[in-house]
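Asks: Here it is: the structure, laid out below.
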Amino acid sequence: MLTTFLQKVLTEADYQPFRLLGMLRKVQAQYQHIPPEAIDSLAEALNIPRTQIIAVVEFYSFLHLTPQGRYDILISNSITDQMLGNDQIISYLSSTLNVKLGEVRDDGLVSLNHTSCSGMCDQGPAGLINGYPLPRLDPPKIDRIVALIEQQTPLTEWPPELFHVEEIIHKPGLLLTQAFNNGDALHATFTRGLAETLAEADLSNLRGRGGAGFKTALKWRTCSQQAATPRYVICNADEGEPGTFKDRMLLDLYADQVFEGMTVCAAIIGSNQGLLYLRGEYLFLYEKLLDVLQQRREQGLLGTNILGRAGFDFDIEIRMGAGAYICGEASAQIESLEGKPGIPRTKPPNSVMCGYQRKPTVVDNVETFLASTHIAIHGGQWFADIGTPQSTGTKLLSISGDCARPGIYEYPFGVSIREILQDCGASDVMGVQVGGPSGTFISNRELDRVLAFEDLSSAGSFMVFNSTRNIFDIARNFTDFFAHESCGFCTPCRVGTSLLKQQLHKIIDGHGSAADLEELSELCLVVRNNSHCGLGESAANPILTTLASYPDLYLKQLKHQEFSPGFDLDATLNVARRMAQRDDPSAHLMQVEN
Amino acid sequence: MTNKIKIATTSLAGCFGCHMSFLDMDERLVDLADIIEFDRSPFTDIEHCSPCDIGLIEGGVCNSENIHVLREFRKNCKTLIAVGACAINGGLPALRNFVKLEDCLLEAYRDGIGVDNPQIPNDPELPLLLDKVRPIHEIVKVDYFMPGCPPSADVFLAFLTALIEGRDPSLPYKLIHYD
């Protein structure tokens with residue numbers, strides 16, 4: 001059985017070790033875990049060490065060495081889902097299904113766990129079941145789900161509306177309102193000329209929309225100038241930053257324009273192979289995107305001799321992630337695409353020179369490719385006229401949290417936070433998290449700051465908090481997120497994020513003294529200044545930015561004059577006391593010495 | 001005599017290796033002895049701390065007695081230093097943290113091979129084990145951390161000299177790289 005299944009999986013993957021992650025996803029879906037025999041067989045068939053396979057399984061949240069339930073439910077613990085009551089959802093699921101959080105029910109039918117932001121913050125509390133989205137969860141919906149599970153109805157026979165993800169665009173702007181016919185950008189590119197189109201991209205001053213803001217034309221030019229071939233185009237659709245979902249919307253509604261942008265890039269840099277790295281949480285888009293690609297092949301927009309141009313061959317393959325935030329980092333994503341754990345590479349060399357398969361590679365965000373498509377059609381000046389000189393064009397925002405109208409908004413760069421808040425119907429604002437946990441928390445005293453690379457940059461996440469929210473819930477949620485998502489490669493981040501979490505919890509839980517706050521601040525700097533990649537560098541941001549905005553709240557949280565342990569000291573003797581059957585005075589400890 | 005720097009030392013869940021390493025200062029101890037004196041320490045057999053300038057703690061915290069000793073040191077020492085890997089991180093004794101305490105006790109006192117008269121010790125004189133071995137800074141405020149397993153005699157000397165001279169200790173790279 002397993003052997004036949006693996007044969008099929010291996011054949012579909014053409015026995016290529018770099019497709020390991022995809023193969024393991026299939027095994028996981030079929031067997032609810034990666035059985036040891038599958039590890040052995042894959043290792044032999046792919047001629048890779050079994051330790052590499054185990055490393056991959058252990059690295060990605062959606063792969064497991066022990067069986068999960070046949071219905072595997074994951075509930076998003078993004079802060080916005082938390083604000084919408086994910087705890088009640090979990091309790092309700094847990095009691096109706098009779099399964100504890102983090103466990104598999106004895107009959108193996110169902111398992112329940114947390115997951116990092118599932119990309120549905122505009123329609124939470126949300127979750128995933130066997131990888132498919134369950135937005136807007138509430139008790140009546142859960143009752144239906146529980147009944148379907150207990151009847152063991154296959155997921156394919158569930159009412160589709162349970163999985164329906166709405167794409168809510170409240171404010172379309174420059175890019176989302178442009179008329180577009182498939183092939184427009186490619187025709188324009190070929191008519192104008194490749195070098196001329198690159199010059200237009202240069203003129204547009206388009207900067208990467210994934211957050212780093214590197215100039216796109218420069219990246220493309222550098223890649224095109226590399227001697228090595230083949231060259232690759234990668235579209236980074238691993239939007240794992242909690243609070244962002246604009247790439248979900250783009251791939252759901254604007255996929256053609258994204259793929260066309262990739263194709264324009266391929267023409268300019270001289271690439272034959274594109275890859276779309278789709279985050280595991282967006283499995284529901286996979287089939288749909290395959291259809292779009294197939295259609296484009298039929299329209300002569302992908303494949304060989306695109307639009308009749310002899311020698312311009314380009315195609316796009318979709319590869320799925322498996323639950324790892326760090327794979328949004330370009331070099332980690334490349335590692336993942338090569339069938340390895342997503343550990344960021346040491347730079348230099350940059351991936352433009354030495355990327356996928358150690359070949360020149362352009363990795364750009366979904367939104368960047370969308371913008372490139374329209375720049376190819378309308379020219380650079382058209383784009384540069386919008387926004388600010390350093391941040392041209394528009395930015396898509398995924399707005400969630402305490403506002404009347406969560407959803408997608410497109411703004412010219414330079415817009416003030418105050419204006420955005422008015423548009424989305426946010427009142428009584430305490431603060432806004434711009435750019436997700438790795439971004440910046442701004443308080444309501446800073447609402448005249450603007451969205452732009454030169455002030456507040458964001459990959460798209462925009463989370464609003466009103467005055468009923470507790471600043472520590474936010475800082476704790478984000479800090480826990482980084483501790484969970486640290487890839488474990490470097491000590492400052494692997495150990496540091498856990499220490500940050502422990503130290504922050506100690507203070508929030510009321511065990512802190514002045515020395516602990518000082519320790520926390522120092523720890524933030526150690527993690528930020530010594531980590532290997534951007535994750536570690538930004539992991540302390542939630543604490544640093546809230547500490548800067550609300551020092552008084554932190555000080556108020558220090559309940560002790562003297563140092564106190566961050567845990568219940570006497571409780572650490574519980575087991576020993578019980579086993580020795582003692583309860584005499586010396587069998588107890590005071591939390592703080594008198 | 002009264003102007004000497006008073007130092008107290010102890011080993012909690014440690015192996016006394018750090019103490020042995022301290023003694024590796026060899027003849028340099030003679031000079032050191034002119035300016036320091038030991039209070040509570042395995043070197044003196046003094047049972048309880050009186051007020052001291054410096055406290056050196058070797059080992060992590062594995063039982064209730066460790067907590068009392070550690071607190072006595074904190075109370076009496078102006079400067080408290082975590083000495084070596086076990087005091088800083090829990091070290092080797094903390095390997096038991098991966099096993100449930102219940103299983104540890106059952107294996108040692110009831111189910112293990114060759115256990116005679118199996119019973120969990122319950123004399124009130126005996127300290128109870130914590131569920132996990134902890135680094136000392138989780139129990140009390142620690143002022144400095146002296147890395148190494150054990151810290152070399154040079155590290156002890158550099159650290160103590162700096163403190164005695166009123167400087168913030170800072171270890172050069174050659175003293176803290178171990179390969």
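Please note that chains go A, B, ... in the order of the structure tokens, that every chain numbers its residues from 1, and that ligands are numbered from 1 in the order shown.
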Need to verify the contact set: Asp402 (chain A), 12 Å, only C-alpha atoms, exclusion of same-chain residues closer than 4 positions in sequence. Can you return it as a PyMOL selection string?

Replies: chain A and resi 79-84+121-122+406-407+421+424-433+462-469

Asks: For Leu218 (chain A), find every residue with an atom within 10 Å (counting only C-alpha atoms), except residues of its own chain fewer than 2 positions away, and show them as a list of chain:residue names.

Replies: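 Residues near the query, excluding close chain neighbours: A:Leu198, A:Ala201, A:Asp202, A:Asn205, A:Leu206, A:Arg207, A:Phe214, A:Lys215, A:Thr216, A:Trp220, A:Arg221, A:Thr222, A:Cys223, A:Ser224.
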
Asks: Compile a residue-level contact table for chain B against chain A at a cut-off of 12 Å, reporting for every qualifying residue the shortest atom pair and its distance in Å to one decimal, with only C-alpha atoms counted, rows ordered by chain and ascending number, as a tab-separated table.

Replies:
residue	atom	partner	partner_atom	distance
B:Val61	CA	A:Thr572	CA	11.5
B:Cys62	CA	A:Thr572	CA	10.2
B:Asn63	CA	A:Leu573	CA	8.4
B:Ser64	CA	A:Leu589	CA	7.3
B:Glu65	CA	A:Ser586	CA	9.3
B:Asn66	CA	A:Leu589	CA	11.3
B:Ile67	CA	A:Leu589	CA	8.5
B:His68	CA	A:Leu589	CA	8.9
B:Val69	CA	A:Glu593	CA	11.7
B:Leu70	CA	A:Glu593	CA	11.0
B:Arg71	CA	A:Glu593	CA	7.6
B:Glu72	CA	A:Glu593	CA	9.6
B:Arg74	CA	A:Phe563	CA	10.5
B:Lys75	CA	A:Glu593	CA	9.6
B:Asn89	CA	A:Val495	CA	11.4
B:Lys100	CA	A:Val575	CA	9.4
B:Leu101	CA	A:Val575	CA	7.1
B:Glu102	CA	A:Val575	CA	6.7
B:Asp103	CA	A:Val575	CA	10.5
B:Cys104	CA	A:Ala576	CA	10.5
B:Leu105	CA	A:Met579	CA	8.4
B:Leu106	CA	A:Met579	CA	9.2
B:Tyr109	CA	A:Met579	CA	11.0
B:Arg110	CA	A:Met579	CA	11.5
B:Gln119	CA	A:Ala580	CA	8.8
B:Ile120	CA	A:Ala580	CA	5.8
B:Pro121	CA	A:Ala580	CA	6.3
B:Asn122	CA	A:Ala580	CA	4.7
B:Asp123	CA	A:Ala580	CA	8.3
B:Pro124	CA	A:Ser586	CA	7.0
B:Glu125	CA	A:Ser586	CA	8.2
B:Leu126	CA	A:Ser586	CA	9.0
B:Pro127	CA	A:Ala587	CA	7.5
B:Leu128	CA	A:Ala576	CA	5.9
B:Leu129	CA	A:Ala576	CA	5.9
B:Leu130	CA	A:Leu573	CA	5.1
B:Asp131	CA	A:Thr572	CA	5.1
B:Lys132	CA	A:Thr572	CA	7.4
B:Val133	CA	A:Thr572	CA	9.9
B:Arg134	CA	A:Thr572	CA	10.5
B:Pro135	CA	A:Pro565	CA	11.1
B:Ile136	CA	A:Pro565	CA	10.0
B:His137	CA	A:Pro565	CA	8.6
B:Glu138	CA	A:Pro565	CA	5.6
B:Ile139	CA	A:Pro565	CA	5.0
B:Val140	CA	A:Phe563	CA	6.1
B:Lys141	CA	A:Phe563	CA	5.9
B:Val142	CA	A:Phe563	CA	9.7
B:Asp143	CA	A:Ala515	CA	10.1

Asks: Neighbouring residues of Ile164 (chain B) were defined as those with any atom within 12 Å, considering only C-alpha atoms; residues of the same chain fewer than 3 positions away were excluded. Please report them as a PyMOL selection string.

Replies: chain B and resi 3-7+32+35-36+53-54+79+156-161+167-169

Asks: Write out as a ChimeraX atom specification which residues come within 10 Å of region 255-264 of chain A when counting only C-alpha atoms, dropping same-chain ones fewer than 4 positions away.

Replies: /A:180-190,194,197-198,233-235,247-251,268-276,288-289,292-293,295-296,301-302,306,312-316,362-376

Asks: Taking the backbone alone, and naming residues the way the document does, which bits of region 248-401 of chain A are strand (DSSP E) by DSSP, as a list in words?

Replies: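 Strand (DSSP E) assignments inside region 248-401 of chain A correspond to Ser271, Asn272, Gln273, Gly274, Leu275, Leu276, Tyr277, Leu278, Asp315, Ile316, Glu317, Ile318, Arg319, Met320, Thr361, Val362, Val363, Asp364, Asn365, Thr394, Lys395, Leu396, Leu397, Ser398, Ile399, Ser400 and Gly401 of chain A.
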
Asks: Can I get the selection written as a PDB file, in the first residue's frame, with C-alpha atoms?

Replies:
ATOM      1  CA  SER A 271      14.847  32.818 -17.427  1.00  0.00           C
ATOM      2  CA  ASN A 272      13.011  29.683 -18.514  1.00  0.00           C
ATOM      3  CA  GLN A 273      11.743  28.543 -15.156  1.00  0.00           C
ATOM      4  CA  GLY A 274       9.551  30.266 -12.618  1.00  0.00           C
ATOM      5  CA  LEU A 275       8.437  29.026  -9.223  1.00  0.00           C
ATOM      6  CA  LEU A 276       5.534  30.177  -7.116  1.00  0.00           C
ATOM      7  CA  TYR A 277       6.169  29.433  -3.447  1.00  0.00           C
ATOM      8  CA  LEU A 278       2.676  29.242  -2.021  1.00  0.00           C
ATOM      9  CA  ASP A 315       6.891  28.073 -17.426  1.00  0.00           C
ATOM     10  CA  ILE A 316       5.846  28.303 -13.798  1.00  0.00           C
ATOM     11  CA  GLU A 317       5.648  25.531 -11.226  1.00  0.00           C
ATOM     12  CA  ILE A 318       3.787  25.908  -7.950  1.00  0.00           C
ATOM     13  CA  ARG A 319       5.458  24.573  -4.807  1.00  0.00           C
ATOM     14  CA  MET A 320       3.726  24.562  -1.463  1.00  0.00           C
ATOM     15  CA  THR A 361      17.552  34.093  -9.034  1.00  0.00           C
ATOM     16  CA  VAL A 362      15.063  36.909  -8.695  1.00  0.00           C
ATOM     17  CA  VAL A 363      12.792  36.482  -5.690  1.00  0.00           C
ATOM     18  CA  ASP A 364       9.993  39.026  -5.591  1.00  0.00           C
ATOM     19  CA  ASN A 365       6.785  39.472  -3.700  1.00  0.00           C
ATOM     20  CA  THR A 394       0.683  52.343  -4.126  1.00  0.00           C
ATOM     21  CA  LYS A 395       0.690  49.815  -1.321  1.00  0.00           C
ATOM     22  CA  LEU A 396      -1.849  47.136  -0.583  1.00  0.00           C
ATOM     23  CA  LEU A 397      -2.803  46.875   3.052  1.00  0.00           C
ATOM     24  CA  SER A 398      -4.489  43.987   4.816  1.00  0.00           C
ATOM     25  CA  ILE A 399      -6.411  45.717   7.577  1.00  0.00           C
ATOM     26  CA  SER A 400      -7.663  43.755  10.547  1.00  0.00           C
ATOM     27  CA  GLY A 401      -8.414  44.176  14.221  1.00  0.00           C
TER      28      GLY A 401
END

Asks: Would you kindly return, as a list in words, each protein, DNA or RNA residue with an atom no farther than 6 Å from any atom of Gly84 (chain B), considering only C-alpha atoms and excluding same-chain residues fewer than 4 positions away?

Replies: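 Once the nearby chain positions are removed, what remains is Met146, Pro147, Gly148, Cys149, Pro150 and Pro151 of chain B.
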
Asks: For Leu283 (chain A), which residue among A:Gly496, A:Asp473, A:Arg25, A:Ala55 is the nearest when counting only C-alpha atoms?

Replies: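 Using only C-alpha atoms, the shortest distance to Leu283 (chain A) belongs to A:Arg25.
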
Asks: For the atom pair CA of Ile54 (chain A) and CA of Gly342 (chain A), what is the interatomic distance in Å to one decimal place?

Replies: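 CA of Gly342 (chain A) lies at a distance of 13.4 Å from CA of Ile54 (chain A).
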
Asks: Do you know which residues are at most 7 Å from Gly55 (chain B) counting only C-alpha atoms, after dropping those on the same chain fewer than 6 positions away, and could you put them as a list of chain:residue names?

Replies: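 My reading of the contact set: B:Ile7, B:Ala8, B:Thr9, B:Phe73, B:Cys77, B:Thr79, B:Leu80, B:Ile81.
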
Asks: Leaving out Cys15 (chain B) and any residue of its chain fewer than 2 positions from it, which residues lie within 10 Å of it when counting only C-alpha atoms, given as a PDB file with all heavy atoms, in the first residue's frame?

Replies:
ATOM      1  N   SER B  11      29.085  24.946  46.267  1.00  0.00           N
ATOM      2  CA  SER B  11      28.687  24.164  45.106  1.00  0.00           C
ATOM      3  C   SER B  11      27.288  23.633  45.375  1.00  0.00           C
ATOM      4  O   SER B  11      27.057  22.943  46.360  1.00  0.00           O
ATOM      5  CB  SER B  11      29.665  23.008  44.880  1.00  0.00           C
ATOM      6  OG  SER B  11      29.241  22.236  43.781  1.00  0.00           O
ATOM      7  N   LEU B  12      26.337  23.981  44.521  1.00  0.00           N
ATOM      8  CA  LEU B  12      24.974  23.465  44.654  1.00  0.00           C
ATOM      9  C   LEU B  12      24.911  22.159  43.862  1.00  0.00           C
ATOM     10  O   LEU B  12      25.622  21.229  44.191  1.00  0.00           O
ATOM     11  CB  LEU B  12      23.967  24.520  44.157  1.00  0.00           C
ATOM     12  CG  LEU B  12      24.087  25.908  44.833  1.00  0.00           C
ATOM     13  CD1 LEU B  12      23.124  26.903  44.195  1.00  0.00           C
ATOM     14  CD2 LEU B  12      23.843  25.816  46.331  1.00  0.00           C
ATOM     15  N   ALA B  13      24.070  22.093  42.800  1.00  0.00           N
ATOM     16  CA  ALA B  13      24.098  20.895  41.966  1.00  0.00           C
ATOM     17  C   ALA B  13      25.263  21.020  40.999  1.00  0.00           C
ATOM     18  O   ALA B  13      25.100  21.351  39.828  1.00  0.00           O
ATOM     19  CB  ALA B  13      22.773  20.737  41.219  1.00  0.00           C
ATOM     20  N   GLY B  17      34.074  20.807  40.322  1.00  0.00           N
ATOM     21  CA  GLY B  17      35.103  21.024  39.303  1.00  0.00           C
ATOM     22  C   GLY B  17      35.491  22.489  39.241  1.00  0.00           C
ATOM     23  O   GLY B  17      36.666  22.827  39.019  1.00  0.00           O
ATOM     24  N   CYS B  18      34.526  23.398  39.421  1.00  0.00           N
ATOM     25  CA  CYS B  18      34.840  24.828  39.379  1.00  0.00           C
ATOM     26  C   CYS B  18      35.740  25.207  40.559  1.00  0.00           C
ATOM     27  O   CYS B  18      36.655  26.011  40.428  1.00  0.00           O
ATOM     28  CB  CYS B  18      33.551  25.663  39.387  1.00  0.00           C
ATOM     29  SG  CYS B  18      32.517  25.406  37.925  1.00  0.00           S
ATOM     30  N   HIS B  19      35.450  24.602  41.726  1.00  0.00           N
ATOM     31  CA  HIS B  19      36.314  24.850  42.881  1.00  0.00           C
ATOM     32  C   HIS B  19      37.733  24.347  42.620  1.00  0.00           C
ATOM     33  O   HIS B  19      38.713  24.998  42.957  1.00  0.00           O
ATOM     34  CB  HIS B  19      35.733  24.180  44.138  1.00  0.00           C
ATOM     35  CG  HIS B  19      34.660  24.990  44.800  1.00  0.00           C
ATOM     36  ND1 HIS B  19      33.366  25.012  44.359  1.00  0.00           N
ATOM     37  CD2 HIS B  19      34.710  25.826  45.887  1.00  0.00           C
ATOM     38  CE1 HIS B  19      32.645  25.817  45.137  1.00  0.00           C
ATOM     39  NE2 HIS B  19      33.440  26.326  46.082  1.00  0.00           N
ATOM     40  N   MET B  20      37.809  23.157  42.014  1.00  0.00           N
ATOM     41  CA  MET B  20      39.131  22.606  41.712  1.00  0.00           C
ATOM     42  C   MET B  20      39.887  23.521  40.757  1.00  0.00           C
ATOM     43  O   MET B  20      41.093  23.739  40.885  1.00  0.00           O
ATOM     44  CB  MET B  20      39.004  21.203  41.087  1.00  0.00           C
ATOM     45  CG  MET B  20      38.388  20.164  41.995  1.00  0.00           C
ATOM     46  SD  MET B  20      39.223  20.018  43.586  1.00  0.00           S
ATOM     47  CE  MET B  20      40.767  19.300  43.055  1.00  0.00           C
ATOM     48  N   GLU B  58      28.795  27.733  42.403  1.00  0.00           N
ATOM     49  CA  GLU B  58      28.968  26.693  41.394  1.00  0.00           C
ATOM     50  C   GLU B  58      27.713  25.813  41.412  1.00  0.00           C
ATOM     51  O   GLU B  58      27.138  25.569  42.476  1.00  0.00           O
ATOM     52  CB  GLU B  58      30.200  25.846  41.749  1.00  0.00           C
ATOM     53  CG  GLU B  58      30.322  24.583  40.901  1.00  0.00           C
ATOM     54  CD  GLU B  58      31.415  23.617  41.404  1.00  0.00           C
ATOM     55  OE1 GLU B  58      32.344  24.058  42.110  1.00  0.00           O
ATOM     56  OE2 GLU B  58      31.308  22.431  41.074  1.00  0.00           O
ATOM     57  N   GLY B  59      27.289  25.329  40.246  1.00  0.00           N
ATOM     58  CA  GLY B  59      26.175  24.378  40.192  1.00  0.00           C
ATOM     59  C   GLY B  59      24.816  25.038  40.075  1.00  0.00           C
ATOM     60  O   GLY B  59      24.621  26.198  40.439  1.00  0.00           O
ATOM     61  N   CYS B  86      26.907  24.943  34.918  1.00  0.00           N
ATOM     62  CA  CYS B  86      25.737  24.442  35.660  1.00  0.00           C
ATOM     63  C   CYS B  86      25.000  25.584  36.360  1.00  0.00           C
ATOM     64  O   CYS B  86      23.774  25.627  36.370  1.00  0.00           O
ATOM     65  CB  CYS B  86      26.146  23.395  36.681  1.00  0.00           C
ATOM     66  SG  CYS B  86      26.983  21.991  35.939  1.00  0.00           S
ATOM     67  N   LEU B  92      25.038  19.850  33.260  1.00  0.00           N
ATOM     68  CA  LEU B  92      24.867  18.398  33.217  1.00  0.00           C
ATOM     69  C   LEU B  92      23.708  17.899  34.090  1.00  0.00           C
ATOM     70  O   LEU B  92      22.898  17.095  33.626  1.00  0.00           O
ATOM     71  CB  LEU B  92      26.187  17.735  33.629  1.00  0.00           C
ATOM     72  CG  LEU B  92      26.490  16.379  33.002  1.00  0.00           C
ATOM     73  CD1 LEU B  92      26.484  16.472  31.488  1.00  0.00           C
ATOM     74  CD2 LEU B  92      27.832  15.870  33.501  1.00  0.00           C
ATOM     75  N   PRO B  93      23.592  18.377  35.352  1.00  0.00           N
ATOM     76  CA  PRO B  93      22.472  17.874  36.167  1.00  0.00           C
ATOM     77  C   PRO B  93      21.122  18.156  35.518  1.00  0.00           C
ATOM     78  O   PRO B  93      20.156  17.421  35.743  1.00  0.00           O
ATOM     79  CB  PRO B  93      22.613  18.654  37.481  1.00  0.00           C
ATOM     80  CG  PRO B  93      24.055  19.037  37.544  1.00  0.00           C
ATOM     81  CD  PRO B  93      24.473  19.268  36.121  1.00  0.00           C
ATOM     82  N   PRO B 150      35.119  23.715  33.517  1.00  0.00           N
ATOM     83  CA  PRO B 150      34.927  24.861  34.419  1.00  0.00           C
ATOM     84  C   PRO B 150      35.579  26.118  33.845  1.00  0.00           C
ATOM     85  O   PRO B 150      36.365  26.021  32.904  1.00  0.00           O
ATOM     86  CB  PRO B 150      35.708  24.409  35.656  1.00  0.00           C
ATOM     87  CG  PRO B 150      36.855  23.624  35.068  1.00  0.00           C
ATOM     88  CD  PRO B 150      36.313  22.945  33.846  1.00  0.00           C
TER      89      PRO B 150
END
